[in-house]
Structures are given as C-alpha cells and as structure tokens.
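> Mind having a look at this structure? Questions to follow.
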Amino acid sequence: MFWWIYNVVFAVGFALMAPYYLWRMWRRGGYAKSFSQRFGIYPDVTRARLKARRRLWVHAVSVGEVYVALRFMELYREEHPDIAFALTTNTSTGHGVAEARLHDDDVLLYFPVDLPCFVNRVLDAIDPLALVLTECELWPNLVRVADRRGIPLVLLNGRVSDGSYRGYRFLKRLFGMLLDRFDLLLMQGQRDADRIVELGAPVRMTHTLGTAKYDVATRDSSRIALIRNLLDTAGIPEGVPLLVGGSTWPGEERALLEIYQALAPAVAGLKLVLVPRHFERAAEVEQDLRALGVNYVKRSELQPGAPCEHPADVVLLDSTGELVGLYAHASLIFVGKSLFDRGGQNIIEPALFGKPVLFGPHMENFPVVVNDFLSADAAIQVADQADLQSQLLTLFEQPARAQTIGERAEAVVLSKRGCLARSVALIEAVRLYDNGSKK
C-alpha cells in the first residue's frame, strides 16, 4: 500500500510539474535532448552498446557530481580495465560536461523518471553489476527495484544537508527502508555518517572518507591562457587588482557591484568580473549594471586579439566552462550562492589556485569543506554585504595577509585529497558483486 501511494503521488506531481520542465527546456536550450531517455527509451544502437559490456551504473545529478563520478570511474577502471560504465545525469549542463570527457567504452544517458515501469526498463537495458549513487540521490523506486534484483547499492561521497535531514526525518520510515538496502554508504563527514545511521543506514556499512570534491579540482592551463587573452582584450592587464564574483545568484551581483563602486576610489585600478551561476541570467544582471552606470563589457562581445575601444571596469561572463580559468588571474574571489539563504557552492576550485576565497554565511551544503578551510584560517566567511566589503578592503590593503590565506587554502586542498581512492579500495575490500548479484 505504501509504495502504491508513493507512486500515485509521484506520478501526479510529475504531471503537474511537466509544464515547468517544458518551459525550462525551452529556456535553457539542450535540456530536451534525448528526452525519451527519461522514460527508458533508447535507440537500438545504444541498447546494443549497453549489452556489449558488463557495466557499473553511476548516477550523478549535475555538474559537480559528474566530475566526481568521472574521476571515480577513472580510478575504478585502473583496477578493473574490463569493466565499463553507464553514467546518468539529470541536467543538460551535467550531460554536457560528461559528454566532453566520457571514456569511449562508457555510455551516457539521462536519468529516468522514478516510476517502476521506467526504472525496470532502464535496469533491463543496462543490467548493471552494481549501482553507484552520488551524494544523496535516494530515488525510492530505483533503490527498491535494484535491491529486489540483487544489484549491489553504493552511496558515493554521501552527504546529508540540513534541509535534506529535516525532510528525511519527516519521512524517516520511507528512507529507513531505502537506506537499509545499501551495501556501502561512503559519507563525507562524521555528521553525515551520524545522520544517515540515525535515518536507518546499517552502521557496519557506513564509512566516513572525506569529500571527493578535493579529488576533482584541477588547474586547466589551456583555459587559463584563454582567459588571460580575454582579460587583455577587455582592458584588464595582468597585475591589476581583480575581484571575481564566481557562480553568483540573484542579488549577489548587485551587492558586488555596489561593493566595487565603494572600493574603486580606494583600490587603484580595481576591476571586477561577474560570473552568474546560470549564464542565461546575463540580461538580468545587465539591468543592474546599467542602473548603476557601470562601464562593462560582456564575454560574448570579446574576441581575443581585438582590444576593446574603451577598456571596461567590469566584465560579465555570459558563457559556460571558463570560470576555473578565470580564478587563476583573480586577486580575490567571492564564491556565490552564499550571501543569501541558498546553501553555498564549492570553494575548492578557487582555493587550488592559492587565492584568498571569501563566502557568505549560507554554506549549509558544504559543512565539511567550510570547516576544513576555516579551521586552517584558509578562507574568510562574511556575515553580510557590509562585512564582505570591509574584508575585501582589508585584503586589498594587506597583500601579504591575502597571500598567506591563499597559500593556506591551496595547502588544504592538496592535503585533503584521496577520498575516491579510499572509496575504490573499500568497494574492493567488500567484494560487492559476483556475476551481477550481491554476495
């Protein structure tokens, strides 16, 4: 009866949300690609590829999780070169990242709607040796059906945010039934492990390994050089004070622009680059730029080797895939989705470049990482816009302190790596599968 109720509620909710998803597909572009895959419908050639090799199914919801999944797959393949993978993702951005980096033997698919008919269809097509879910992707029908088929279940780089914890506790009976089916739960921090056990996960199957985000942070030299050329084109030469607002959300761009205007008279030559988390918000950010009378240029208007006639004070990055290269040229970095109540974003990538990283009070989605950096005095958490402005001014006026914080940040990243190697080793140690069934 319980599962019947869940399926009815989920189906009704999915039908009600369908117009929103259709609108998002139109707005974001590319989101409708291979839409039929969400219902387990694949071309014959895809089905043939899936059947040609034994595979692990790895699911990663979006971009951050996809990077973790790809690195895990790379390490696992080193130990088992005969094993291939089916990788699923929920978003077009995650799909794009995976598509550009996927191994030739692997198959990339969109994640199916979590109803038994579609889940069974996908499991029939992939026939996985094991199912690896990243972070906290607990899809009830997928977990239940996979377990019934004897498919081993692994939670990789698991975490339980404050919001998820509240929701899971409200539905503790449901999630207790799901978590009890897992063969390994590899959690980021001790708090995550304690919470997942409280919700019903088997203690002996739960391990604390740190966060895999450290393992996937990289320095891409080709992107670094490209961004240097673009900044020169925009009239931002090397060596000038450069503040980068990375992966900003609504309200944060306006705050950074107001801070920029306040700091510019005190910090000679100061420049600002804004990088909205969703590039399609560029037109919205432009409204703030025009309202404040800021001299700006968009990334889409820049061509390497063709300098702007009027050098810009602010650059609006209305593109994707270039933020990491930009971090290498920043003096100071603010990581967005943190000034207001949105849960925060990954600070590890900018830290790897040895740059001072600042973020707001709302980093609920990254408690382990935030603690790693703050306990080492390797980053600065601000209370609000006024505090951010004050901290930025202090760091611009005290470059030696800024350099020290940046060096500590890089050291934290390098010292915390190894989670995914430990994950592979644990999967090896418990020998999860034998001919596709639980041992």
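Residues in the structure tokens are named by chain (A, B, ... in the order shown) and by number from 1 within that chain; ligands are numbered from 1 in the order shown.
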Leaving out Leu115 of chain A and any residue of its chain fewer than 3 positions from it, which residues lie within 8 Å of it when counting only C-alpha atoms, given as a PyMOL selection string?

chain A and resi 7+10-11+118-119+141-142

> Quick one: write out the picked residues with N, CA and C atoms as a PDB file, in the first residue's frame?


```pdb
ATOM      1  N   ASN A   7       3.837   6.022  -5.529  1.00  0.00           N
ATOM      2  CA  ASN A   7       3.823   6.071  -6.978  1.00  0.00           C
ATOM      3  C   ASN A   7       2.710   6.971  -7.506  1.00  0.00           C
ATOM      4  N   PHE A  10       3.820  10.582  -6.722  1.00  0.00           N
ATOM      5  CA  PHE A  10       4.922  10.973  -7.600  1.00  0.00           C
ATOM      6  C   PHE A  10       4.415  11.218  -9.017  1.00  0.00           C
ATOM      7  N   ALA A  11       3.559  10.340  -9.522  1.00  0.00           N
ATOM      8  CA  ALA A  11       3.044  10.482 -10.882  1.00  0.00           C
ATOM      9  C   ALA A  11       2.227  11.760 -11.036  1.00  0.00           C
ATOM     10  N   PHE A 118       9.440   2.698 -15.762  1.00  0.00           N
ATOM     11  CA  PHE A 118      10.612   3.284 -16.404  1.00  0.00           C
ATOM     12  C   PHE A 118      11.910   2.767 -15.769  1.00  0.00           C
ATOM     13  N   VAL A 119      11.925   2.636 -14.458  1.00  0.00           N
ATOM     14  CA  VAL A 119      13.109   2.116 -13.768  1.00  0.00           C
ATOM     15  C   VAL A 119      13.410   0.695 -14.225  1.00  0.00           C
ATOM     16  N   ASN A 141      12.009   4.276  -5.922  1.00  0.00           N
ATOM     17  CA  ASN A 141      11.732   3.124  -6.788  1.00  0.00           C
ATOM     18  C   ASN A 141      13.017   2.522  -7.354  1.00  0.00           C
ATOM     19  N   LEU A 142      13.976   3.375  -7.709  1.00  0.00           N
ATOM     20  CA  LEU A 142      15.234   2.862  -8.235  1.00  0.00           C
ATOM     21  C   LEU A 142      15.929   1.985  -7.192  1.00  0.00           C
TER      22      LEU A 142
END
```

> Might you pull out every residue within 9 Å of segment 311-321 of chain A, with only C-alpha atoms counted and same-chain residues fewer than 6 positions away left off, and present them as a VMD selection string?

chain A and resid 97 223 231 233 to 236 257 269 to 282 285 to 286 289 294 to 300

> How far is it from atom CA of Asp127 of chain A to atom CA of Ser423 of chain A, in Å with one decimal?

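Calculated distance between atom CA of Asp127 of chain A and atom CA of Ser423 of chain A is 22.5 Å.
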
> Of the candidates A:Leu87, A:Leu332, A:Val45, A:Leu358, which shows the shortest atom-to-atom distance to Asn346 of chain A, using only C-alpha atoms?

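That would be A:Leu358, the residue with the smallest distance to Asn346 of chain A.
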
> Between A:Val197, A:Val412, A:Ala402, A:Ala383, which one has atoms that come closest to Val370 of chain A, using only C-alpha atoms?

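Closest to Val370 of chain A, using only C-alpha atoms: A:Val412.
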
> Would you work out the distance separating atom CA of Val382 of chain A from atom CA of Gly360 of chain A, expressed in Å to one decimal?

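Taking atom CA of Val382 of chain A as the start and atom CA of Gly360 of chain A as the end point, the length is 5.0 Å.
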
> Ala266 of chain A: which residues within 12 Å, counting only C-alpha atoms, same-chain residues fewer than 3 positions away excluded, as a list of chain:residue names?

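In the requested form, the answer reads A:Pro241, A:Ile259, A:Tyr260, A:Gln261, A:Ala262, A:Leu263, A:Gly269, A:Leu270, A:Gln389, A:Ser390, A:Leu392, A:Leu393, A:Thr394, A:Phe396, A:Glu397.
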
> Generate the output file for the selected residues, C-alpha atoms, as a short mmCIF file (atom, residue, chain, number, x, y, z; two decimals), in the first residue's frame.


```cif
data_model
loop_
_atom_site.label_atom_id
_atom_site.label_comp_id
_atom_site.auth_asym_id
_atom_site.auth_seq_id
_atom_site.Cartn_x
_atom_site.Cartn_y
_atom_site.Cartn_z
CA PRO A 241 43.64 44.24 -8.63
CA ILE A 259 30.95 46.98 -3.24
CA TYR A 260 33.02 47.59 -6.36
CA GLN A 261 31.84 51.16 -6.63
CA ALA A 262 32.62 51.74 -2.96
CA LEU A 263 36.12 50.21 -3.17
CA GLY A 269 42.94 50.14 -10.93
CA LEU A 270 40.38 47.77 -9.37
CA GLN A 389 33.12 44.99 1.66
CA SER A 390 35.17 45.51 4.81
CA LEU A 392 37.81 42.83 0.77
CA LEU A 393 39.20 46.28 1.50
CA THR A 394 41.41 44.87 4.27
CA PHE A 396 43.50 44.66 -0.84
CA GLU A 397 45.30 46.89 1.65
#
```

> So what do you get for atom CA of Ile151 of chain A versus atom CA of Leu174 of chain A, distance-wise?

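Interatomic distance here is 19.6 Å.
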
> With DSSP run on the backbone, what are the helix (DSSP H, G or I) residues within segment 287-359 of chain A? I'd like them as number ranges by chain.

A: 287-291, 299-301, 323-327, 348-352

> Would you mind exporting the chosen residues as a PDB file, in the first residue's frame, restricted to N, CA and C atoms?


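What follows is the written file selection39.pdb:
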```pdb
ATOM      1  N   GLN A 287      20.784  44.658 -16.289  1.00  0.00           N
ATOM      2  CA  GLN A 287      19.902  45.704 -15.765  1.00  0.00           C
ATOM      3  C   GLN A 287      20.544  46.393 -14.563  1.00  0.00           C
ATOM      4  N   ASP A 288      21.191  45.618 -13.696  1.00  0.00           N
ATOM      5  CA  ASP A 288      21.894  46.205 -12.552  1.00  0.00           C
ATOM      6  C   ASP A 288      23.088  47.031 -13.005  1.00  0.00           C
ATOM      7  N   LEU A 289      23.819  46.527 -13.983  1.00  0.00           N
ATOM      8  CA  LEU A 289      24.984  47.251 -14.493  1.00  0.00           C
ATOM      9  C   LEU A 289      24.587  48.604 -15.060  1.00  0.00           C
ATOM     10  N   ARG A 290      23.512  48.612 -15.841  1.00  0.00           N
ATOM     11  CA  ARG A 290      23.062  49.877 -16.426  1.00  0.00           C
ATOM     12  C   ARG A 290      22.484  50.804 -15.360  1.00  0.00           C
ATOM     13  N   ALA A 291      21.735  50.236 -14.414  1.00  0.00           N
ATOM     14  CA  ALA A 291      21.129  51.067 -13.365  1.00  0.00           C
ATOM     15  C   ALA A 291      22.183  51.774 -12.522  1.00  0.00           C
ATOM     16  N   ARG A 299      31.344  38.947 -22.033  1.00  0.00           N
ATOM     17  CA  ARG A 299      32.281  37.981 -22.605  1.00  0.00           C
ATOM     18  C   ARG A 299      31.960  37.702 -24.058  1.00  0.00           C
ATOM     19  N   SER A 300      30.679  37.638 -24.407  1.00  0.00           N
ATOM     20  CA  SER A 300      30.266  37.323 -25.780  1.00  0.00           C
ATOM     21  C   SER A 300      30.659  38.400 -26.769  1.00  0.00           C
ATOM     22  N   GLU A 301      31.022  39.584 -26.255  1.00  0.00           N
ATOM     23  CA  GLU A 301      31.435  40.687 -27.132  1.00  0.00           C
ATOM     24  C   GLU A 301      32.947  40.742 -27.320  1.00  0.00           C
ATOM     25  N   LEU A 323      35.011  29.658 -15.883  1.00  0.00           N
ATOM     26  CA  LEU A 323      35.215  30.209 -14.540  1.00  0.00           C
ATOM     27  C   LEU A 323      36.513  29.719 -13.917  1.00  0.00           C
ATOM     28  N   VAL A 324      36.817  28.424 -14.057  1.00  0.00           N
ATOM     29  CA  VAL A 324      38.023  27.884 -13.433  1.00  0.00           C
ATOM     30  C   VAL A 324      39.268  28.587 -13.967  1.00  0.00           C
ATOM     31  N   GLY A 325      39.332  28.815 -15.266  1.00  0.00           N
ATOM     32  CA  GLY A 325      40.467  29.529 -15.837  1.00  0.00           C
ATOM     33  C   GLY A 325      40.571  30.954 -15.322  1.00  0.00           C
ATOM     34  N   LEU A 326      39.423  31.556 -15.037  1.00  0.00           N
ATOM     35  CA  LEU A 326      39.405  32.923 -14.529  1.00  0.00           C
ATOM     36  C   LEU A 326      39.984  33.012 -13.121  1.00  0.00           C
ATOM     37  N   TYR A 327      39.726  31.999 -12.290  1.00  0.00           N
ATOM     38  CA  TYR A 327      40.225  32.019 -10.917  1.00  0.00           C
ATOM     39  C   TYR A 327      41.739  32.211 -10.863  1.00  0.00           C
ATOM     40  N   ILE A 348      36.459  24.837  -3.385  1.00  0.00           N
ATOM     41  CA  ILE A 348      37.732  24.128  -3.529  1.00  0.00           C
ATOM     42  C   ILE A 348      38.467  24.537  -4.799  1.00  0.00           C
ATOM     43  N   GLU A 349      37.749  24.694  -5.899  1.00  0.00           N
ATOM     44  CA  GLU A 349      38.419  25.037  -7.158  1.00  0.00           C
ATOM     45  C   GLU A 349      39.193  26.353  -7.068  1.00  0.00           C
ATOM     46  N   PRO A 350      38.600  27.447  -6.588  1.00  0.00           N
ATOM     47  CA  PRO A 350      39.404  28.680  -6.475  1.00  0.00           C
ATOM     48  C   PRO A 350      40.537  28.552  -5.476  1.00  0.00           C
ATOM     49  N   ALA A 351      40.312  27.762  -4.414  1.00  0.00           N
ATOM     50  CA  ALA A 351      41.361  27.607  -3.399  1.00  0.00           C
ATOM     51  C   ALA A 351      42.594  26.916  -3.970  1.00  0.00           C
ATOM     52  N   LEU A 352      42.392  26.007  -4.927  1.00  0.00           N
ATOM     53  CA  LEU A 352      43.513  25.279  -5.511  1.00  0.00           C
ATOM     54  C   LEU A 352      44.511  26.216  -6.187  1.00  0.00           C
TER      55      LEU A 352
END
```

> Segment 183-274 of chain A: which residues are strand (DSSP E) by DSSP, as a list in words?

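After running DSSP on the backbone, segment 183-274 of chain A has strand (DSSP E) at Leu184, Leu185, Leu186, Met187, Thr206, His207, Thr208, Leu242, Leu243, Val244, Gly245, Gly246, Ser247, Thr248, Lys271, Leu272, Val273 and Leu274 of chain A.
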